[in-house]
Amino acid sequence: MPKVEFTKHMGIPFKIGQPKKQIVPKTVERDFEREYGKLQQLEEQTRRLQKDMKKGTDADLALSKSAVKISLDLLSNPLCEQDQDFLNMVTALDTAMKRMDAFNQEKVNQIQKTVIEPLKKFSSVFPSLNMAVKRREQALQDYRRLQAKVEKYEEKEKTGPVLAKLHQAREELRPVRDDFEAKNKQLLDEMPRFYNSRLDYFQPSFESLIRAQVGYYSEMQKIFGDLTQQLDQPGHTDEQRERENEARLSELRALSIVADD
Amino acid sequence: MAEHGTDEPSSSTGSPDGEGRDSGDRLLLHQRLAVRELIDTEASYLHMLQLCASDIRSRLQQLPQGDLDVLFSNIDDVIEVNSKFLHDLQETASREDEQVHSIGNLFLEFQEELERVYKVYCASYDQALLLVETYRKEPELQREIQGIIEAAVPQAGPSGLSFLLVIPLQRITKYPLLLQKILENTDPDASAYPVLQRAASALQDVNANINEYKRRKEVASKYTKVGQLTLRERLARINTHTLSKKTTRLSQLLKQEAGLVPRTEDKEFDYLEERLHWVSLCVTETKNNVAVYLANLEAFLRFRPQESELDIPGGPVVQYCSLMGDLQLQAFPDFKQRLEGLVWQPLCSLAKALSGPQNLVKKRLDKLLDFERVEEKLLEVGSVTYEEQEARHTYQALNSLLVAELPQLNQLAMRWLGQILHTFVDLQRDLAKQVLQRAEGSLAQLPHHHLSEPAFRKLVEDVLGQTGHQLRSFQENFEKVLPPPTVQPLLPGAERQVQALLSRYGPEKLYQVTSNISGAGTLDLKLLRGQIVALLQNKDTKGNSSRWLVDTGGHRGYVPAGKLELYRVIPGQGEVKEQVQPPKDSHHLTPEPSPAPVPSVPTVTQVVAVYPFVARSSHEVSLQAGQLVTVLEAQDKKGNPEWSLVEVNGQRGYVPSSFLARAPSPAPWGWSLPS
């Protein structure tokens, strides 16, 4: 039976130290950080994109509604009853605005379905990823701790109790190390794959987005082009329009009942 | 026998009377003189005008251009008209006998033009006089002006500028007098006589119209500004006079309402007023709606999804970002700017222009009440004061002004509004065109541009479905990254405890400790790895969600949440496997914080001693290698887990825990050894 200084050993609790050996190679750690860093960046950009798309489409809807209000209010003015020409113009304008609003709503629905919803789905993977990375970190801490313990025993004089402890420590270390290696490998495999999947994921959404916008503006050009024909307005340049506006104002000011400033 | 006296101005043909002919000749002479006077004075008048307009005006450089415009008004137009007039006048001289006739016709011809230019000049004359007064107050300036004038027109005298500026007024009022003089010296039977008569009355009309025009302008400018007065100005305007006016009007209105006095109905005016009201409403509403539209447009342009950096080098993502980026640079700002300049600004000007007439309409109503009261008084008393006459005239002037000009105002306003709305439509069309032009390139480069819209939508739906699956698999893979996989089976004793916790709290509340908890704080528990606890609350009293309140079955206290993992109990089996990650949703627990002392966890376990041990005191017990012992407690009285209380060979005592190994039967939580 070995004579051991029990009190020395047993009275003092073991310190959890850092292992001497670099258990994770620097290159591996660097790779991991790089890949995770890219994903963190992607997470933020995706969140920003989602927010902008949502707010942008809300503003789009509001804009279209306010255009409809212009013609709607005109239509409810009693002048329409007195003046047939005015009524015709305002009715044509109102029809155009309402049609454009309908197209806008459809465009927004399409964007919601093919861009905003998919973005949400993509974002929802990140919490799982972050949790997985945390667990790997936890496993790494455990690994480090136990590795340090093993090393400590390895340094001591090889007595019976020490050997027993060393054996035990090694037994404890093994599963934890395996666990960490497994997690590390899993993440190092999956992270780049997930990152690259964004290419396949976003391209269809954005293609859909472009097509939706182009479709909407095509309708807009047709509807308002037809309307200008219908209203029988000659094409003017902006300078001509400005001159016209000034002429109208002068005409009004020429009247005595119109204040001169 | 009656003699043809010299008093008879007519020259009757067929009475060759020496005296008669004499008087006829004298008449003719006077006529000729009068004509001469007309032409000569016209010439010198024109000369004076030209002096003012060119020499004097150009030398008055120290005055601002705005002042010069007010002083000299439309003197250039006056000069233009009078030059032509003089030229034609001088031409009449060639037609000797017909001259007077021609002169009469000439006046009738020029009547309209004369009225047109002189009314403008006369209307602004008062303002010009005001300016002259202000100059007089500055001696230095006055001297300079005087100097310039005297150099050009010596006979101007000390009154200088005002002397010059009044000349056109004098001239236009002189024409009827001059004509009258010619007329007096013309034979009533002459063919020229009726023409001259008409000319004289025409010029009188001109003067009357000029006066009326002037009066209307004064009335209009007095009342259109009402709405734009500051509060102070408005207060200043209130005095006993205005107050009494208002009370009189109110009583008049009340009398009308009560039916005591008939209301003057003017259907024509009411129609015009109503129309003005609708037109103004139209303009104001449109203006407000356009303002909202512009605000929404601004908001819309603020959000720029294309500025997200997804690190994607090509394809539709890049196409979209560059397309939107370009549109934000050009097409949209252009649209906004054009809207502001060609739709919003004109609407503002139009709305403002309509405010004056609206004020006038209100004022007219006030004046109408005054008018009616005066009319009443006239009926009752038969006479009215000067002031009351003035009130009548003011109303009449205002009323006739509005009736005359409102139709045109309404029409012009509607015409302009229509043009503005047309412009709005044009701008929308132009925006669409610009967007499509730019988008054409992007569209052609899209991978599926050849597909029809329905086909494309189907394709996208399918693709998104597939990639959705892919995402879900990623998510699952990440979720498979589990906490340390070591299995920690339980003792029957522990199992009992777990069952107790299970029945009390339910399976979803059970957690297993993943690593030893040292329990630093007073309310903290000290637990060993593998121990099972039930979750009471997933945050502490301060709301810290990384410190959870748990129940060990015997004691309650706080533990770090990071060291707990949800524990899945498989019913009917003695051993427990599988740890699953905690679900994301929080647990709903009734808070029951209660402090617990450092617990001692009772365990009963069978283990094998790995190494021999010699007891050195009565508290300790000896071991032999390979001996089976029963562990009573896996820590000493102080809670130190390095010592275990065991029973061996009927004796109880402490042994070093590290000397013990797990037996094939389930081991306690403590230092778990691999199975």
# chains A, B, ... in the order shown; residues from 1 in each chain; ligands from 1
$ residues_around --residues "range 45-54 of chain A" --least-positions-apart "2" --cutoff "7 Å" --atoms "only C-alpha atoms" --output "list in words"
Gln41, Leu42, Glu43, Gly56, Thr57, Asp58, Ile116, Leu119 and Ser123 of chain A; Phe303, Arg304, Pro305, Ser308, Glu309 and Leu310 of chain B
$ residues_around --residues "range 439-448 of chain B" --least-positions-apart "4" --cutoff "10 Å" --atoms "only C-alpha atoms" --output "ChimeraX atom specification"
/A:203-204,206-208,210-211,213-214,217 /B:315-320,322-324,326-327,433-435,452-453,455-456,459
$ residues_around --residues "Pro656 in chain B" --least-positions-apart "2" --cutoff "10 Å" --atoms "only C-alpha atoms" --output "list in words"
Phe6, Met10 and Pro161 of chain A; Ala609, Tyr611, Phe613, Glu620, Val621, Leu623, Ala634, Gln635, Asp636, Pro641, Glu642, Trp643, Ser644, Leu645, Val646, Tyr654, Ser658, Phe659 and Leu660 of chain B
$ residues_around --residues "Ile79 in chain B" --least-positions-apart "4" --cutoff "12 Å" --atoms "only C-alpha atoms" --output "MDAnalysis selection string"
chainID B and resid 42:43 45:54 72:75 83:87 113:114 117:118 121 168
$ write_last_selection --atoms "N, CA and C atoms" --output "CSV table (one decimal), in the first residue's frame"
chain,number,residue,atom,x,y,z
B,42,GLU,N,-51.2,118.0,-78.5
B,42,GLU,CA,-50.9,116.6,-78.6
B,42,GLU,C,-49.4,116.4,-78.8
B,43,ALA,N,-48.9,117.2,-79.8
B,43,ALA,CA,-47.4,117.0,-80.1
B,43,ALA,C,-46.5,117.4,-78.9
B,45,TYR,N,-47.4,117.3,-75.8
B,45,TYR,CA,-47.6,116.3,-74.8
B,45,TYR,C,-46.8,115.1,-75.0
B,46,LEU,N,-46.8,114.7,-76.3
B,46,LEU,CA,-46.0,113.5,-76.6
B,46,LEU,C,-44.6,113.7,-76.3
B,47,HIS,N,-44.1,114.9,-76.7
B,47,HIS,CA,-42.7,115.2,-76.5
B,47,HIS,C,-42.3,115.1,-75.1
B,48,MET,N,-43.2,115.7,-74.2
B,48,MET,CA,-43.0,115.6,-72.8
B,48,MET,C,-42.9,114.2,-72.2
B,49,LEU,N,-43.8,113.4,-72.7
B,49,LEU,CA,-43.9,112.0,-72.3
B,49,LEU,C,-42.5,111.3,-72.6
B,50,GLN,N,-42.1,111.6,-73.8
B,50,GLN,CA,-40.9,110.9,-74.2
B,50,GLN,C,-39.7,111.4,-73.4
B,51,LEU,N,-39.7,112.7,-73.1
B,51,LEU,CA,-38.6,113.2,-72.2
B,51,LEU,C,-38.6,112.4,-70.9
B,52,CYS,N,-39.8,112.3,-70.3
B,52,CYS,CA,-39.9,111.6,-69.0
B,52,CYS,C,-39.4,110.1,-69.1
B,53,ALA,N,-40.0,109.5,-70.2
B,53,ALA,CA,-39.7,108.1,-70.3
B,53,ALA,C,-38.2,107.8,-70.5
B,54,SER,N,-37.6,108.6,-71.4
B,54,SER,CA,-36.2,108.2,-71.7
B,54,SER,C,-35.2,109.0,-70.9
B,72,PHE,N,-43.4,105.2,-63.2
B,72,PHE,CA,-43.7,105.5,-64.6
B,72,PHE,C,-44.7,104.5,-65.2
B,73,SER,N,-45.1,103.5,-64.4
B,73,SER,CA,-46.1,102.6,-64.8
B,73,SER,C,-46.0,102.1,-66.2
B,74,ASN,N,-47.1,102.2,-67.0
B,74,ASN,CA,-47.0,101.8,-68.4
B,74,ASN,C,-46.9,103.0,-69.4
B,75,ILE,N,-46.0,103.9,-69.0
B,75,ILE,CA,-45.8,105.1,-69.8
B,75,ILE,C,-45.4,104.7,-71.2
B,83,SER,N,-48.4,108.1,-79.9
B,83,SER,CA,-47.6,108.3,-81.1
B,83,SER,C,-48.4,108.0,-82.3
B,84,LYS,N,-49.0,106.9,-82.3
B,84,LYS,CA,-49.9,106.5,-83.5
B,84,LYS,C,-51.0,107.6,-83.6
B,85,PHE,N,-51.6,108.0,-82.5
B,85,PHE,CA,-52.7,108.9,-82.5
B,85,PHE,C,-52.2,110.2,-83.1
B,86,LEU,N,-51.1,110.7,-82.7
B,86,LEU,CA,-50.6,112.0,-83.2
B,86,LEU,C,-50.3,111.9,-84.7
B,87,HIS,N,-49.7,110.8,-85.1
B,87,HIS,CA,-49.4,110.6,-86.5
B,87,HIS,C,-50.7,110.7,-87.3
B,113,GLU,N,-58.4,101.8,-77.2
B,113,GLU,CA,-57.0,101.7,-76.9
B,113,GLU,C,-56.6,102.7,-75.8
B,114,LEU,N,-57.2,103.9,-76.0
B,114,LEU,CA,-57.0,105.0,-75.0
B,114,LEU,C,-57.4,104.5,-73.6
B,117,VAL,N,-55.0,101.8,-72.1
B,117,VAL,CA,-53.6,102.2,-71.5
B,117,VAL,C,-53.8,103.2,-70.4
B,118,TYR,N,-54.7,104.1,-70.5
B,118,TYR,CA,-54.8,105.1,-69.5
B,118,TYR,C,-55.4,104.6,-68.2
B,121,TYR,N,-52.5,103.3,-66.2
B,121,TYR,CA,-51.6,104.4,-65.7
B,121,TYR,C,-52.3,105.2,-64.5
B,168,PRO,N,-50.1,112.8,-68.0
B,168,PRO,CA,-51.1,111.9,-68.7
B,168,PRO,C,-52.5,112.0,-68.2
$ interface_residues --of "chain B" --to "chain A" --cutoff "6 Å" --atoms "only C-alpha atoms" --output "list in words"
Lys217, Ala220, Thr224, Thr286, Asn289, Tyr293, Asn296, Phe300, Phe303, Pro305, Ser308, Pro316, Val317, Ala353, Gly356, Pro357, Arg429, Ala432, Gln475, Phe478, Glu479 and Val481 of chain B
